[in-house]
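Q: What follows is coords_1.cif, mmCIF, C-alpha atoms.
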data_input
loop_
_atom_site.group_PDB
_atom_site.id
_atom_site.type_symbol
_atom_site.label_atom_id
_atom_site.label_comp_id
_atom_site.auth_asym_id
_atom_site.auth_seq_id
_atom_site.Cartn_x
_atom_site.Cartn_y
_atom_site.Cartn_z
ATOM 1 C CA MET A 1 32.053 -6.934 2.661
ATOM 2 C CA SER A 2 34.923 -9.187 1.784
ATOM 3 C CA GLY A 3 33.740 -12.346 3.504
ATOM 4 C CA ARG A 4 36.265 -12.099 6.343
ATOM 5 C CA THR A 5 35.016 -12.514 9.867
ATOM 6 C CA PHE A 6 35.912 -9.952 12.477
ATOM 7 C CA ARG A 7 38.626 -11.056 14.883
ATOM 8 C CA PRO A 8 39.407 -8.834 17.873
ATOM 9 C CA PRO A 9 43.083 -7.879 18.189
ATOM 10 C CA SER A 10 45.174 -10.041 20.469
ATOM 11 C CA VAL A 11 48.423 -9.535 22.329
ATOM 12 C CA THR A 12 50.321 -11.211 19.503
ATOM 13 C CA ASP A 13 49.120 -8.639 16.954
ATOM 14 C CA HIS A 14 51.459 -5.979 18.272
ATOM 15 C CA PRO A 15 55.180 -6.807 18.111
ATOM 16 C CA HIS A 16 56.095 -4.643 21.115
ATOM 17 C CA ALA A 17 53.417 -6.275 23.245
ATOM 18 C CA VAL A 18 54.800 -9.704 22.452
ATOM 19 C CA SER A 19 58.318 -8.696 23.350
ATOM 20 C CA ALA A 20 57.125 -7.148 26.628
ATOM 21 C CA TYR A 21 55.186 -10.303 27.459
ATOM 22 C CA VAL A 22 58.106 -12.536 26.553
ATOM 23 C CA ARG A 23 60.507 -10.370 28.588
ATOM 24 C CA ARG A 24 58.209 -10.614 31.599
ATOM 25 C CA LEU A 25 57.899 -14.384 31.228
ATOM 26 C CA VAL A 26 61.664 -14.808 30.862
ATOM 27 C CA ALA A 27 62.328 -12.581 33.893
ATOM 28 C CA ASP A 28 59.872 -14.613 35.967
ATOM 29 C CA GLY A 29 61.503 -17.858 34.813
ATOM 30 C CA ILE A 30 64.984 -16.633 35.679
ATOM 31 C CA LEU A 31 63.813 -15.510 39.115
ATOM 32 C CA VAL A 32 62.091 -18.863 39.748
ATOM 33 C CA SER A 33 65.317 -20.661 38.813
ATOM 34 C CA LEU A 34 67.360 -18.451 41.099
ATOM 35 C CA ALA A 35 64.917 -18.919 43.988
ATOM 36 C CA VAL A 36 64.972 -22.719 43.582
ATOM 37 C CA VAL A 37 68.771 -22.770 43.558
ATOM 38 C CA LEU A 38 68.918 -20.520 46.633
ATOM 39 C CA SER A 39 66.390 -22.737 48.442
ATOM 40 C CA ILE A 40 68.489 -25.810 47.788
ATOM 41 C CA VAL A 41 71.831 -24.131 48.558
ATOM 42 C CA GLU A 42 70.631 -22.844 51.917
ATOM 43 C CA ARG A 43 69.993 -26.437 53.011
ATOM 44 C CA TRP A 44 73.772 -26.915 52.857
ATOM 45 C CA ILE A 45 74.453 -24.056 55.290
ATOM 46 C CA PRO A 46 74.742 -25.549 58.809
ATOM 47 C CA LEU A 47 72.986 -22.644 60.523
ATOM 48 C CA ASN A 48 71.720 -24.923 63.310
ATOM 49 C CA PHE A 49 75.297 -25.105 64.656
ATOM 50 C CA LEU A 50 75.180 -21.350 65.302
ATOM 51 C CA ILE A 51 71.522 -21.139 66.283
ATOM 52 C CA PRO A 52 70.298 -24.418 67.811
ATOM 53 C CA VAL A 53 66.701 -24.142 66.603
ATOM 54 C CA PRO A 54 65.395 -27.106 64.560
ATOM 55 C CA GLY A 55 64.551 -26.255 60.949
ATOM 56 C CA ILE A 56 66.155 -22.821 61.021
ATOM 57 C CA LYS A 57 67.143 -21.335 57.644
ATOM 58 C CA LEU A 58 68.404 -18.013 56.355
ATOM 59 C CA GLY A 59 65.557 -17.638 53.870
ATOM 60 C CA LEU A 60 67.774 -16.946 50.871
ATOM 61 C CA ALA A 61 64.896 -17.449 48.418
ATOM 62 C CA ASN A 62 63.208 -14.452 50.057
ATOM 63 C CA ILE A 63 65.838 -12.290 48.367
ATOM 64 C CA VAL A 64 64.100 -13.157 45.114
ATOM 65 C CA THR A 65 60.658 -12.530 46.619
ATOM 66 C CA LEU A 66 61.778 -9.106 47.850
ATOM 67 C CA PHE A 67 63.222 -8.249 44.467
ATOM 68 C CA ALA A 68 60.043 -9.378 42.691
ATOM 69 C CA LEU A 69 57.863 -7.308 45.029
ATOM 70 C CA TYR A 70 59.896 -4.170 44.427
ATOM 71 C CA ARG A 71 60.537 -4.546 40.691
ATOM 72 C CA LEU A 72 57.640 -6.596 39.283
ATOM 73 C CA ALA A 73 53.888 -6.801 39.707
ATOM 74 C CA PHE A 74 52.420 -8.578 42.728
ATOM 75 C CA VAL A 75 51.028 -11.254 40.392
ATOM 76 C CA ASP A 76 54.560 -12.012 39.180
ATOM 77 C CA ALA A 77 55.895 -12.212 42.738
ATOM 78 C CA ALA A 78 53.059 -14.575 43.709
ATOM 79 C CA ALA A 79 53.578 -16.761 40.629
ATOM 80 C CA ILE A 80 57.327 -16.931 41.279
ATOM 81 C CA LEU A 81 56.651 -17.965 44.871
ATOM 82 C CA VAL A 82 54.170 -20.717 43.985
ATOM 83 C CA VAL A 83 56.285 -22.151 41.164
ATOM 84 C CA ARG A 84 59.388 -22.032 43.369
ATOM 85 C CA CYS A 85 57.586 -23.898 46.161
ATOM 86 C CA VAL A 86 56.311 -26.584 43.791
ATOM 87 C CA LEU A 87 59.672 -27.084 42.070
ATOM 88 C CA THR A 88 61.599 -27.095 45.333
ATOM 89 C CA SER A 89 59.264 -29.740 46.729
ATOM 90 C CA LEU A 90 60.209 -31.978 43.803
ATOM 91 C CA PHE A 91 63.813 -31.873 45.038
ATOM 92 C CA LEU A 92 63.222 -31.764 48.786
ATOM 93 C CA GLY A 93 60.077 -33.821 49.204
ATOM 94 C CA PRO A 94 56.336 -33.178 49.285
ATOM 95 C CA ALA A 95 56.242 -32.229 52.978
ATOM 96 C CA SER A 96 58.253 -29.123 52.179
ATOM 97 C CA LEU A 97 55.499 -27.937 49.811
ATOM 98 C CA VAL A 98 52.954 -27.318 52.565
ATOM 99 C CA PHE A 99 55.427 -25.527 54.808
ATOM 100 C CA SER A 100 56.856 -23.474 51.950
ATOM 101 C CA LEU A 101 53.450 -22.434 50.651
ATOM 102 C CA PHE A 102 52.097 -21.486 54.074
ATOM 103 C CA GLY A 103 55.223 -19.591 55.078
ATOM 104 C CA GLY A 104 55.853 -18.050 51.688
ATOM 105 C CA THR A 105 52.268 -16.876 51.244
ATOM 106 C CA CYS A 106 52.200 -15.258 54.695
ATOM 107 C CA ALA A 107 55.542 -13.584 54.029
ATOM 108 C CA LEU A 108 54.496 -12.363 50.592
ATOM 109 C CA LEU A 109 51.230 -10.868 51.838
ATOM 110 C CA VAL A 110 52.851 -9.111 54.801
ATOM 111 C CA MET A 111 55.728 -7.786 52.710
ATOM 112 C CA ALA A 112 53.344 -6.567 49.993
ATOM 113 C CA LEU A 113 51.270 -4.678 52.572
ATOM 114 C CA LEU A 114 54.313 -3.084 54.212
ATOM 115 C CA ARG A 115 55.932 -2.244 50.890
ATOM 116 C CA ARG A 116 52.898 -0.238 49.745
ATOM 117 C CA GLY A 117 54.222 2.967 51.267
ATOM 118 C CA ASP A 118 57.179 3.011 48.827
ATOM 119 C CA GLY A 119 59.679 3.149 51.659
ATOM 120 C CA ARG A 120 58.029 5.921 53.632
ATOM 121 C CA ALA A 121 56.933 3.682 56.502
ATOM 122 C CA PHE A 122 59.222 0.661 56.150
ATOM 123 C CA SER A 123 62.599 0.256 54.523
ATOM 124 C CA VAL A 124 63.574 -2.890 52.625
ATOM 125 C CA TYR A 125 65.084 -4.067 55.926
ATOM 126 C CA GLY A 126 61.802 -3.618 57.786
ATOM 127 C CA VAL A 127 59.836 -5.308 55.017
ATOM 128 C CA SER A 128 62.299 -8.221 54.960
ATOM 129 C CA MET A 129 62.291 -8.676 58.733
ATOM 130 C CA ALA A 130 58.487 -8.620 58.843
ATOM 131 C CA GLY A 131 58.385 -11.090 55.957
ATOM 132 C CA ALA A 132 60.758 -13.441 57.765
ATOM 133 C CA ALA A 133 58.600 -13.294 60.898
ATOM 134 C CA ALA A 134 55.432 -13.849 58.845
ATOM 135 C CA HIS A 135 57.100 -16.790 57.094
ATOM 136 C CA ASN A 136 57.742 -18.406 60.468
ATOM 137 C CA ILE A 137 54.155 -17.763 61.559
ATOM 138 C CA GLY A 138 52.911 -19.471 58.392
ATOM 139 C CA GLN A 139 55.181 -22.449 58.875
ATOM 140 C CA VAL A 140 54.189 -22.907 62.513
ATOM 141 C CA ALA A 141 50.533 -22.634 61.479
ATOM 142 C CA ALA A 142 51.135 -25.404 58.931
ATOM 143 C CA ALA A 143 52.838 -27.533 61.586
ATOM 144 C CA CYS A 144 49.947 -26.946 64.011
ATOM 145 C CA LEU A 145 47.468 -28.050 61.344
ATOM 146 C CA ILE A 146 49.433 -31.104 60.237
ATOM 147 C CA LEU A 147 50.381 -32.284 63.724
ATOM 148 C CA GLN A 148 47.147 -31.044 65.308
ATOM 149 C CA ASP A 149 49.160 -29.559 68.144
ATOM 150 C CA LEU A 150 48.513 -25.923 69.011
ATOM 151 C CA SER A 151 51.227 -25.921 71.671
ATOM 152 C CA LEU A 152 53.780 -25.365 68.888
ATOM 153 C CA ALA A 153 52.449 -21.826 68.563
ATOM 154 C CA THR A 154 53.388 -20.997 72.141
ATOM 155 C CA SER A 155 56.519 -23.107 72.548
ATOM 156 C CA TYR A 156 58.292 -22.932 69.188
ATOM 157 C CA LEU A 157 57.000 -19.738 67.576
ATOM 158 C CA PRO A 158 58.589 -17.161 69.932
ATOM 159 C CA MET A 159 62.066 -18.555 69.185
ATOM 160 C CA LEU A 160 61.361 -18.621 65.468
ATOM 161 C CA LEU A 161 60.066 -15.053 65.479
ATOM 162 C CA LEU A 162 63.247 -13.789 67.097
ATOM 163 C CA VAL A 163 65.450 -15.746 64.710
ATOM 164 C CA GLY A 164 63.272 -14.628 61.783
ATOM 165 C CA LEU A 165 63.813 -10.996 62.663
ATOM 166 C CA LEU A 166 67.559 -11.624 62.719
ATOM 167 C CA THR A 167 67.631 -13.552 59.435
ATOM 168 C CA GLY A 168 65.558 -10.857 57.736
ATOM 169 C CA ILE A 169 68.522 -8.486 58.029
ATOM 170 C CA PRO A 170 71.018 -10.390 55.821
ATOM 171 C CA THR A 171 68.210 -11.138 53.355
ATOM 172 C CA ALA A 172 67.552 -7.415 52.972
ATOM 173 C CA ALA A 173 71.281 -6.679 52.898
ATOM 174 C CA ALA A 174 71.590 -9.025 49.923
ATOM 175 C CA ALA A 175 68.509 -7.596 48.167
ATOM 176 C CA VAL A 176 69.302 -3.870 48.551
ATOM 177 C CA PRO A 177 72.326 -3.717 46.192
ATOM 178 C CA VAL A 178 70.432 -5.723 43.566
ATOM 179 C CA LEU A 179 67.437 -3.388 43.863
ATOM 180 C CA ARG A 180 69.728 -0.366 43.495
ATOM 181 C CA ARG A 181 71.424 -1.711 40.376
ATOM 182 C CA LEU A 182 68.362 -3.162 38.642
ATOM 183 C CA LYS A 183 65.829 -0.364 38.589
ATOM 184 C CA LYS A 184 63.966 -1.895 35.673
ATOM 185 C CA ILE A 185 63.698 -5.480 34.594
#
Go ahead and express the file in the form of structure tokens.
A:
Amino acid sequence: MSGRTFRPPSVTDHPHAVSAYVRRLVADGILVSLAVVLSIVERWIPLNFLIPVPGIKLGLANIVTLFALYRLAFVDAAAILVVRCVLTSLFLGPASLVFSLFGGTCALLVMALLRRGDGRAFSVYGVSMAGAAAHNIGQVAAACLILQDLSLATSYLPMLLLVGLLTGIPTAAAAVPVLRRLKKI
């Protein structure tokens, strides 16, 4: 024996493994950045003039979530969502963190379940619309918990569900061409 101690191989021992890991990390970082920018930009769109529902948004950051679900692992999509919510709350205030996490987590879980059939049961449009509705359910649940008012679920949620189904369409329409062009990331 030469006096060396045995060290199990690590990810860094193989140059291709490092580059794959670094590529994945960079892709996740780029997608987080894009989602944060989209979250902030959508605050500038005066959608409430067209649809007079308080707090209504297009859900532009869900384009990134859809892309991540279809092109990356679920763990990456979840990490992108959580980091996006935390970073966005730094710009928009801590109250947005709770609503974003509740809504985003509900949307991510529903979209991941519906996406499992690889398009046989639900198209990207169906997955996006269901995700938008689930996002609204999560946000109303957060509001009910924070305000301790369950009447929001019956008074505000039906409007939000309808609007969510409608806003899920342009989100999918924006994600589909990107998914077609970027088969592998």
Q: Using all atoms listed in the file for the distances, tell me which of A:Val41, A:Leu69, A:Leu58, A:Ile63 is nearest to Thr167 of chain A.
A: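 Closest residue, counting all atoms listed in the file: A:Leu58.
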Q: Specify as a PyMOL selection string each residue included when the PyMOL selection byres ((chain A and resi 110-121) around 8) is applied to this file.
A: chain A and resi 66+69-70+74+106-109+122-124+127-128+130-131+134
Q: Report, in Å to a single decimal, how far apart atom CA of Ala143 of chain A and atom CA of Ser155 of chain A are.
A: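 Going from atom CA of Ser155 of chain A over to atom CA of Ala143 of chain A covers 12.4 Å.
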Q: Can you list, as number ranges by chain, every protein, DNA or RNA residue that comes within 10 Å of segment 80-82 of chain A when you count only C-alpha atoms, leaving out same-chain residues fewer than 4 positions away?
A: A: 27-33, 35-36, 61-62, 64-65, 68, 74-76, 86-88, 97, 100-101, 104-105, 108
Q: Tell me, in Å to one decimal, how far atom CA of Leu25 of chain A is from atom CA of Thr171 of chain A.
A: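 About the pair atom CA of Leu25 of chain A and atom CA of Thr171 of chain A: they are 24.6 Å apart.
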Q: Give me the box for segment 167-172 of chain A as lines of an AutoDock Vina configuration file, namely the centre and edge lengths in Å to one decimal of a box along x, y and z that holds every listed atom plus 8 Å on each side.
A:
center_x = 68.3
center_y = -10.5
center_z = 56.2
size_x = 21.5
size_y = 22.1
size_z = 22.5
Q: Mind giving me the straight-line distance from atom CA of Leu145 of chain A to atom CA of Leu160 of chain A in Å, one decimal?
A: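 Distance between the two atoms: 17.3 Å.
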Q: From the list A:Val98, A:Ala172, A:Leu92, A:Ala77, which residue is nearest Gly126 of chain A when using all atoms listed in the file?
A: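 Looking at the shortest contact to Gly126 of chain A, the residue is A:Ala172.
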Q: Which of these, A:Tyr156, A:Phe91, A:Trp44, A:Phe67, has the shortest distance to Ala174 of chain A once you count only C-alpha atoms?
A: A:Phe67
Q: Could you tell me which of A:Val176, A:Ala79, A:Ala132, A:Ile185 comes closest to Lys57 of chain A if we count only C-alpha atoms?
A: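 The shortest atom-to-atom distance to Lys57 of chain A comes from A:Ala132.
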Q: Using all atoms listed in the file, pick whichever of A:Leu34, A:Met129, A:Ile137, A:Ile51 has the shortest atom-to-atom distance to Pro158 of chain A.
A: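 Of A:Leu34, A:Met129, A:Ile137, A:Ile51, the one nearest Pro158 of chain A, counting all atoms listed in the file, is A:Ile137.
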Q: Specify as an mmCIF file with C-alpha atoms, in the coordinates of the input each residue included when the PyMOL selection byres ((chain A and resi 53) around 9) is applied to this file.
A:
data_model
loop_
_atom_site.group_PDB
_atom_site.id
_atom_site.type_symbol
_atom_site.label_atom_id
_atom_site.label_comp_id
_atom_site.auth_asym_id
_atom_site.auth_seq_id
_atom_site.Cartn_x
_atom_site.Cartn_y
_atom_site.Cartn_z
ATOM 1 C CA LEU A 47 72.986 -22.644 60.523
ATOM 2 C CA ASN A 48 71.720 -24.923 63.310
ATOM 3 C CA PHE A 49 75.297 -25.105 64.656
ATOM 4 C CA ILE A 51 71.522 -21.139 66.283
ATOM 5 C CA PRO A 52 70.298 -24.418 67.811
ATOM 6 C CA PRO A 54 65.395 -27.106 64.560
ATOM 7 C CA GLY A 55 64.551 -26.255 60.949
ATOM 8 C CA ILE A 56 66.155 -22.821 61.021
ATOM 9 C CA TYR A 156 58.292 -22.932 69.188
ATOM 10 C CA MET A 159 62.066 -18.555 69.185
ATOM 11 C CA LEU A 160 61.361 -18.621 65.468
ATOM 12 C CA VAL A 163 65.450 -15.746 64.710
#
Q: Between A:Ala73, A:Leu165, A:Ile45, A:Val22, single out the one closest to Leu60 of chain A, counting all atoms listed in the file.
A: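 Nearest to Leu60 of chain A: A:Ile45.
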Q: With N, CA and C atoms as the goal, would you fill in the gaps in segment 129-152 of chain A and present it as a PDB file, in the frame of the given file?
A:
ATOM      1  N   MET A 129      62.401  -8.123  57.382  1.00  0.00           N
ATOM      2  CA  MET A 129      62.291  -8.676  58.733  1.00  0.00           C
ATOM      3  C   MET A 129      60.851  -9.096  59.033  1.00  0.00           C
ATOM      4  N   ALA A 130      59.892  -8.268  58.638  1.00  0.00           N
ATOM      5  CA  ALA A 130      58.487  -8.620  58.843  1.00  0.00           C
ATOM      6  C   ALA A 130      58.107  -9.843  58.016  1.00  0.00           C
ATOM      7  N   GLY A 131      58.644  -9.920  56.803  1.00  0.00           N
ATOM      8  CA  GLY A 131      58.385 -11.090  55.957  1.00  0.00           C
ATOM      9  C   GLY A 131      58.951 -12.360  56.555  1.00  0.00           C
ATOM     10  N   ALA A 132      60.150 -12.263  57.128  1.00  0.00           N
ATOM     11  CA  ALA A 132      60.758 -13.441  57.765  1.00  0.00           C
ATOM     12  C   ALA A 132      59.921 -13.894  58.961  1.00  0.00           C
ATOM     13  N   ALA A 133      59.451 -12.942  59.749  1.00  0.00           N
ATOM     14  CA  ALA A 133      58.600 -13.294  60.898  1.00  0.00           C
ATOM     15  C   ALA A 133      57.285 -13.912  60.418  1.00  0.00           C
ATOM     16  N   ALA A 134      56.692 -13.322  59.384  1.00  0.00           N
ATOM     17  CA  ALA A 134      55.432 -13.849  58.845  1.00  0.00           C
ATOM     18  C   ALA A 134      55.639 -15.253  58.256  1.00  0.00           C
ATOM     19  N   HIS A 135      56.781 -15.464  57.645  1.00  0.00           N
ATOM     20  CA  HIS A 135      57.100 -16.790  57.094  1.00  0.00           C
ATOM     21  C   HIS A 135      57.104 -17.831  58.210  1.00  0.00           C
ATOM     22  N   ASN A 136      57.712 -17.481  59.329  1.00  0.00           N
ATOM     23  CA  ASN A 136      57.742 -18.406  60.468  1.00  0.00           C
ATOM     24  C   ASN A 136      56.354 -18.638  61.041  1.00  0.00           C
ATOM     25  N   ILE A 137      55.540 -17.606  61.082  1.00  0.00           N
ATOM     26  CA  ILE A 137      54.155 -17.763  61.559  1.00  0.00           C
ATOM     27  C   ILE A 137      53.407 -18.734  60.651  1.00  0.00           C
ATOM     28  N   GLY A 138      53.575 -18.574  59.335  1.00  0.00           N
ATOM     29  CA  GLY A 138      52.911 -19.471  58.392  1.00  0.00           C
ATOM     30  C   GLY A 138      53.373 -20.910  58.527  1.00  0.00           C
ATOM     31  N   GLN A 139      54.674 -21.089  58.730  1.00  0.00           N
ATOM     32  CA  GLN A 139      55.181 -22.449  58.875  1.00  0.00           C
ATOM     33  C   GLN A 139      54.723 -23.103  60.172  1.00  0.00           C
ATOM     34  N   VAL A 140      54.683 -22.343  61.246  1.00  0.00           N
ATOM     35  CA  VAL A 140      54.189 -22.907  62.513  1.00  0.00           C
ATOM     36  C   VAL A 140      52.698 -23.199  62.402  1.00  0.00           C
ATOM     37  N   ALA A 141      51.956 -22.358  61.698  1.00  0.00           N
ATOM     38  CA  ALA A 141      50.533 -22.634  61.479  1.00  0.00           C
ATOM     39  C   ALA A 141      50.361 -23.939  60.704  1.00  0.00           C
ATOM     40  N   ALA A 142      51.195 -24.151  59.693  1.00  0.00           N
ATOM     41  CA  ALA A 142      51.135 -25.404  58.931  1.00  0.00           C
ATOM     42  C   ALA A 142      51.450 -26.596  59.833  1.00  0.00           C
ATOM     43  N   ALA A 143      52.473 -26.447  60.675  1.00  0.00           N
ATOM     44  CA  ALA A 143      52.838 -27.533  61.586  1.00  0.00           C
ATOM     45  C   ALA A 143      51.707 -27.811  62.573  1.00  0.00           C
ATOM     46  N   CYS A 144      51.072 -26.763  63.082  1.00  0.00           N
ATOM     47  CA  CYS A 144      49.947 -26.946  64.011  1.00  0.00           C
ATOM     48  C   CYS A 144      48.795 -27.695  63.336  1.00  0.00           C
ATOM     49  N   LEU A 145      48.535 -27.365  62.074  1.00  0.00           N
ATOM     50  CA  LEU A 145      47.468 -28.050  61.344  1.00  0.00           C
ATOM     51  C   LEU A 145      47.820 -29.505  61.057  1.00  0.00           C
ATOM     52  N   ILE A 146      49.028 -29.743  60.602  1.00  0.00           N
ATOM     53  CA  ILE A 146      49.433 -31.104  60.237  1.00  0.00           C
ATOM     54  C   ILE A 146      49.534 -32.006  61.464  1.00  0.00           C
ATOM     55  N   LEU A 147      50.179 -31.484  62.510  1.00  0.00           N
ATOM     56  CA  LEU A 147      50.381 -32.284  63.724  1.00  0.00           C
ATOM     57  C   LEU A 147      49.217 -32.203  64.699  1.00  0.00           C
ATOM     58  N   GLN A 148      48.290 -31.301  64.430  1.00  0.00           N
ATOM     59  CA  GLN A 148      47.147 -31.044  65.308  1.00  0.00           C
ATOM     60  C   GLN A 148      47.603 -30.797  66.743  1.00  0.00           C
ATOM     61  N   ASP A 149      48.580 -29.894  66.850  1.00  0.00           N
ATOM     62  CA  ASP A 149      49.160 -29.559  68.144  1.00  0.00           C
ATOM     63  C   ASP A 149      49.345 -28.054  68.230  1.00  0.00           C
ATOM     64  N   LEU A 150      48.445 -27.387  68.904  1.00  0.00           N
ATOM     65  CA  LEU A 150      48.513 -25.923  69.011  1.00  0.00           C
ATOM     66  C   LEU A 150      49.612 -25.445  69.957  1.00  0.00           C
ATOM     67  N   SER A 151      50.178 -26.342  70.741  1.00  0.00           N
ATOM     68  CA  SER A 151      51.227 -25.921  71.671  1.00  0.00           C
ATOM     69  C   SER A 151      52.481 -25.449  70.932  1.00  0.00           C
ATOM     70  N   LEU A 152      52.640 -25.838  69.680  1.00  0.00           N
ATOM     71  CA  LEU A 152      53.780 -25.365  68.888  1.00  0.00           C
ATOM     72  C   LEU A 152      53.769 -23.841  68.756  1.00  0.00           C
TER      73      LEU A 152
END
